[in-house]
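*Asks:* What follows is a structure written as structure tokens; I'll ask about it next.
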Amino acid sequence: MGAATSEAEPPPEPLQGAESSWVRSWKNLLAGIGGTVARLERSWATRRRLRPPPPHPGEKLPRPGEKAVPEWPLPQFVSLFLPEFPIRPPAGQQQLKILGLVAKGSFGTVLKVLDCRREKVFAVKVVPKVEVLRRDTLKQCKEEVSIQRQISHPFVHCLGDSWQGQRHLFIMCTYCGTGDLYALWASLGHLEETTIRLFAAELALALGYLHDLGIVHRDVKMENILLDERGHLKLTDFGLSRQLGRGQRARTICGTLQYMAPEVLSGGPYSHAADWWSLGVLLFTLAAGQFPVPPERDHLAMLASVNRCSYESPGSVSRKLCLLLSELLCRNPLRRLHHLHHVESHLFFRGVSFDAELLQKQPVELVVAARRAEEAALGPSPAFADFDCDLLPSPSHPCPG
């Protein structure tokens with residue numbers, strides 16, 4: 001008998017036509033899944049390309065109701081000014097109506113506008129982007145807005161809003177319709193000491209507040225001090241301001257020659273004490289009716305004149321005010337009066353409360369009377385067209401800027 005053997009049994013033959021149908025159904029199913037995955041991948045890739053980049057640190061998110069920017073990435077001419085100047089669609093500014101022109105200079109235009117939604121009047125500073133880049137002042141322009149966003153004080157002109165159009169930057173602040181301190185001084189020649197004492201206290205509070213935040217203004221002058229409807233002061237124009245940390249010093253020669261401290265005219269280093277020198281020049285001019293040093297052609301000639309000047313106050317000025325001026329107009333910044341608590345305890349301010357609410361309690365009759373006389377002489381101001389977010393010229397109403 002032979003040995004038993006085991007052979008592999010062949011697989012059963014499939015039924016005719018069954019194998020091809022089964023294989024085709026699986027192939028169709030897998031092909032369908034593959035097509036769906038491919039379509040999803042294409043969709044995700046498209047969404048990734050269209051999705052805007054994440055905001056930079058510190059960048060403000062769009063406000064509710066604002067239109068999204070249609071194109072990403074942004075043009076460089078727009079993104080350069082972010083995030084301090086957010087993008088506003090033109091339609092979003094149709095609630096602003098131009099009421100008049102406040103001032104126009106080589107660097108920009110200030111407009112008086114009405115916010116129709118809030119029924120409040122504002123001043124809008126309009127700066128062409130081309131000028132910012134041409135003058136290489138982009139960093140300073142952004143710092144101006146960053147500084148003003150930190151500020152909230154009764155005697156400081158605070159920021160309302162800021163945004164950008166295609167060709168302009170817009171900085172909006174509350175409107176002060178009484179004009180500036182320079183116009184008041186020019187019309188009167190000089191001020192009485194009671195008014196000087198009030199204005200000096202208000203400005204000292206404003207400077208003390210800014211310096212506590214590390215901010216040096218660098219352009220304290222009569223033209224940069226606005227008067228509100230009750231005659232009280234608002235320090236404005238932070239275009240030259242700078243934030244200085246503890247122990248930091250600046251070296252940039254900037255400001256208005258007649259108000260610049262000797263350490264600024266010489267190229268530094270200097271700090272917040274320079275603002276108190278400017279306050280001294282301002283108070284001297286209000287009391288004497290003329291600047292202590294006439295303007296010169298450049299900072300070197302001005303420095304020489306400042307070093308030669310004796311800063312003697314006129315005989316009509318009281319002894320207490322003379323003492324204050326001599327302590328503010330001290331050439332050595334370390335010996336200069338440059339702290340608010342030293343100012344508060346000065347003889348000139350005896351009996352004055354350095355409380356903003358108390359100082360504002362009574363209107364400044366001198367200023368209010370001057371405003372009424374000016375309004376009667378000028379009459380109503382002409383109206384302008386609706387506010388155009390980017391100041392596009394119109395044939396019927398050409399807008400300034």
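Residue numbers start at 1 in each chain; chains themselves are named A, B, ... in the order of the structure tokens; ligands are numbered from 1 in the order shown.
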Just list the residues in segment 168-368 of chain A DSSP gives helix (DSSP H, G or I) on the backbone, as a ChimeraX atom specification.

*Replies:* /A:181-188,193-212,222-224,257-259,262-265,273-288,299-308,319-328,340-344,347-349,356-359,365-368

*Asks:* List the spatial neighbours of Val156 of chain A as a PyMOL selection string - criterion: any atom at most 12 Å away, only C-alpha atoms, same-chain residues fewer than 3 positions off excluded.

*Replies:* chain A and resi 147-153+159+173-174+176+202-210+217+220+224-228+232-238+356

*Asks:* What's the 10 Å shell around Thr285 of chain A, counting only C-alpha atoms, without same-chain residues fewer than 5 positions away, as number ranges by chain?

*Replies:* A: 185, 189-191, 222, 279-280, 290-293, 313

*Asks:* Nearest residue to Glu229 of chain A out of A:Val145, A:Leu82, A:Leu366, A:Leu213, using only C-alpha atoms?

*Replies:*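 Using only C-alpha atoms, Glu229 of chain A sits closest to A:Leu366.
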
*Asks:* Pick from A:His211, A:Lys221, A:Arg308, A:Lys120: nearest to Leu181 of chain A, with only C-alpha atoms counted?

*Replies:* A:Lys221

*Asks:* Which residue, A:Phe199, A:Trp276, A:Phe348, A:Phe81, has the smallest gap to Lys139 of chain A when you use only C-alpha atoms?

*Replies:*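 Using only C-alpha atoms, Lys139 of chain A sits closest to A:Phe81.
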
*Asks:* Could you tell me how far atom CA of Leu101 of chain A lies from atom CA of Ser146 of chain A, in Å and to one decimal?

*Replies:*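 Separating atom CA of Leu101 of chain A from atom CA of Ser146 of chain A is a distance of 25.5 Å.
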
*Asks:* Measuring between only C-alpha atoms, which one of A:Arg242, A:His339, A:Lys320, A:Arg88 shows the shortest distance to Asp212 of chain A?

*Replies:*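 Nearest candidate to Asp212 of chain A out of A:Arg242, A:His339, A:Lys320, A:Arg88: A:His339.
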
*Asks:* Hey, can you check how far atom CA of Pro75 of chain A sits from atom CA of Phe122 of chain A?

*Replies:*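 That distance, rounded to one decimal, is 29.7 Å.
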
*Asks:* Hey, what's within 12 Å of segment 369-374 of chain A if we count only C-alpha atoms and toss same-chain stuff fewer than 3 positions away? As a PyMOL selection string, please?

*Replies:* chain A and resi 176-181+183-188+227-231+363-366+377-380

*Asks:* For His346 of chain A, which residue among A:Ser106, A:Leu324, A:Leu359, A:Val121 is the nearest when counting only C-alpha atoms?

*Replies:* A:Leu324

*Asks:* Please compute the atom CA of Leu99 of chain A-atom CA of Ser241 of chain A distance, one decimal, in Å.

*Replies:*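 For atom CA of Leu99 of chain A relative to atom CA of Ser241 of chain A, the distance reads 29.0 Å.
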
*Asks:* Please return, as a compact mmCIF listing (two decimals) with N, CA and C atoms, in the first residue's frame, all residues of segment 115-205 of chain A that DSSP assigns to strand (DSSP E) on the basis of the backbone.

*Replies:*
```txt
# COMPACT_ATOMS: atom_id res chain seq x y z
N ASP A 115 -20.11 114.63 13.14
CA ASP A 115 -20.49 113.22 13.18
C ASP A 115 -22.02 113.18 13.31
N LYS A 120 -22.10 115.31 17.08
CA LYS A 120 -20.99 115.95 17.77
C LYS A 120 -19.98 116.44 16.74
N VAL A 121 -19.35 117.57 17.04
CA VAL A 121 -18.38 118.16 16.12
C VAL A 121 -16.97 117.72 16.51
N PHE A 122 -16.18 117.37 15.49
CA PHE A 122 -14.79 116.94 15.70
C PHE A 122 -13.87 117.72 14.76
N ALA A 123 -12.59 117.64 15.05
CA ALA A 123 -11.56 118.13 14.14
C ALA A 123 -10.82 116.93 13.57
N VAL A 124 -10.64 116.91 12.25
CA VAL A 124 -9.95 115.79 11.59
C VAL A 124 -8.69 116.32 10.91
N LYS A 125 -7.58 115.78 11.33
CA LYS A 125 -6.30 116.10 10.70
C LYS A 125 -6.08 115.13 9.54
N VAL A 126 -5.90 115.67 8.34
CA VAL A 126 -5.76 114.86 7.13
C VAL A 126 -4.33 114.98 6.63
N VAL A 127 -3.62 113.85 6.56
CA VAL A 127 -2.21 113.86 6.18
C VAL A 127 -2.02 112.98 4.94
N PRO A 128 -1.50 113.52 3.85
CA PRO A 128 -1.24 112.69 2.66
C PRO A 128 -0.14 111.66 2.95
N LEU A 159 -7.33 111.82 21.60
CA LEU A 159 -7.63 111.22 20.30
C LEU A 159 -9.05 110.67 20.28
N GLY A 160 -9.78 110.96 19.18
CA GLY A 160 -11.10 110.38 18.99
C GLY A 160 -11.05 109.10 18.20
N ASP A 161 -10.30 109.11 17.09
CA ASP A 161 -10.19 107.94 16.22
C ASP A 161 -9.09 108.20 15.20
N SER A 162 -8.65 107.14 14.55
CA SER A 162 -7.68 107.28 13.46
C SER A 162 -7.93 106.17 12.45
N TRP A 163 -7.75 106.46 11.18
CA TRP A 163 -7.95 105.47 10.13
C TRP A 163 -7.20 105.94 8.88
N GLN A 164 -7.26 105.14 7.83
CA GLN A 164 -6.60 105.48 6.58
C GLN A 164 -7.49 105.21 5.39
N HIS A 168 -4.65 108.94 2.11
CA HIS A 168 -4.54 109.85 3.24
C HIS A 168 -4.65 109.11 4.57
N LEU A 169 -4.07 109.72 5.60
CA LEU A 169 -4.25 109.30 6.98
C LEU A 169 -5.18 110.30 7.66
N PHE A 170 -6.01 109.80 8.57
CA PHE A 170 -6.99 110.65 9.25
C PHE A 170 -6.85 110.49 10.76
N ILE A 171 -6.69 111.62 11.46
CA ILE A 171 -6.60 111.64 12.92
C ILE A 171 -7.71 112.55 13.43
N MET A 172 -8.66 111.98 14.16
CA MET A 172 -9.83 112.74 14.60
C MET A 172 -9.76 113.02 16.10
N CYS A 173 -9.98 114.28 16.48
CA CYS A 173 -9.99 114.72 17.88
C CYS A 173 -11.22 115.58 18.13
N THR A 174 -11.49 115.83 19.40
CA THR A 174 -12.59 116.73 19.74
C THR A 174 -12.28 118.12 19.21
```

*Asks:* I'd like the contact shell of segment 268-273 of chain A - 9 Å cut-off, only C-alpha atoms, skipping same-chain residues fewer than 3 positions apart - returned as a compact mmCIF listing (two decimals) with C-alpha atoms, in the first residue's frame.

*Replies:*
```txt
# COMPACT_ATOMS: atom_id res chain seq x y z
CA LEU A 207 2.74 118.35 31.61
CA HIS A 211 5.66 113.13 32.12
CA GLY A 214 7.03 108.99 30.16
CA ILE A 215 5.87 111.28 27.34
CA VAL A 216 7.87 114.38 26.43
CA HIS A 217 5.85 116.76 24.24
CA ARG A 218 8.78 118.68 22.64
CA LEU A 244 11.05 108.08 26.96
CA GLY A 247 16.78 107.00 32.26
CA GLN A 248 16.35 107.49 28.51
CA ARG A 249 17.42 110.72 26.80
CA ALA A 250 16.61 112.22 23.40
CA ARG A 251 19.03 113.95 21.02
CA THR A 252 16.82 115.08 18.12
CA ILE A 253 16.82 118.84 17.57
CA ALA A 261 15.47 124.64 25.65
CA PRO A 262 19.26 125.18 25.39
CA GLU A 263 19.92 121.45 25.80
CA VAL A 264 17.64 120.75 22.82
CA LEU A 265 19.28 123.47 20.68
CA TRP A 276 9.22 123.12 31.46
CA TRP A 277 11.62 125.53 29.74
CA PRO A 333 18.04 121.38 33.32
CA LEU A 334 19.05 119.72 36.60
CA ARG A 336 15.36 123.96 36.56
CA LEU A 337 11.89 123.71 38.07
CA HIS A 338 10.70 120.49 36.41
CA HIS A 339 8.44 118.57 38.81
```
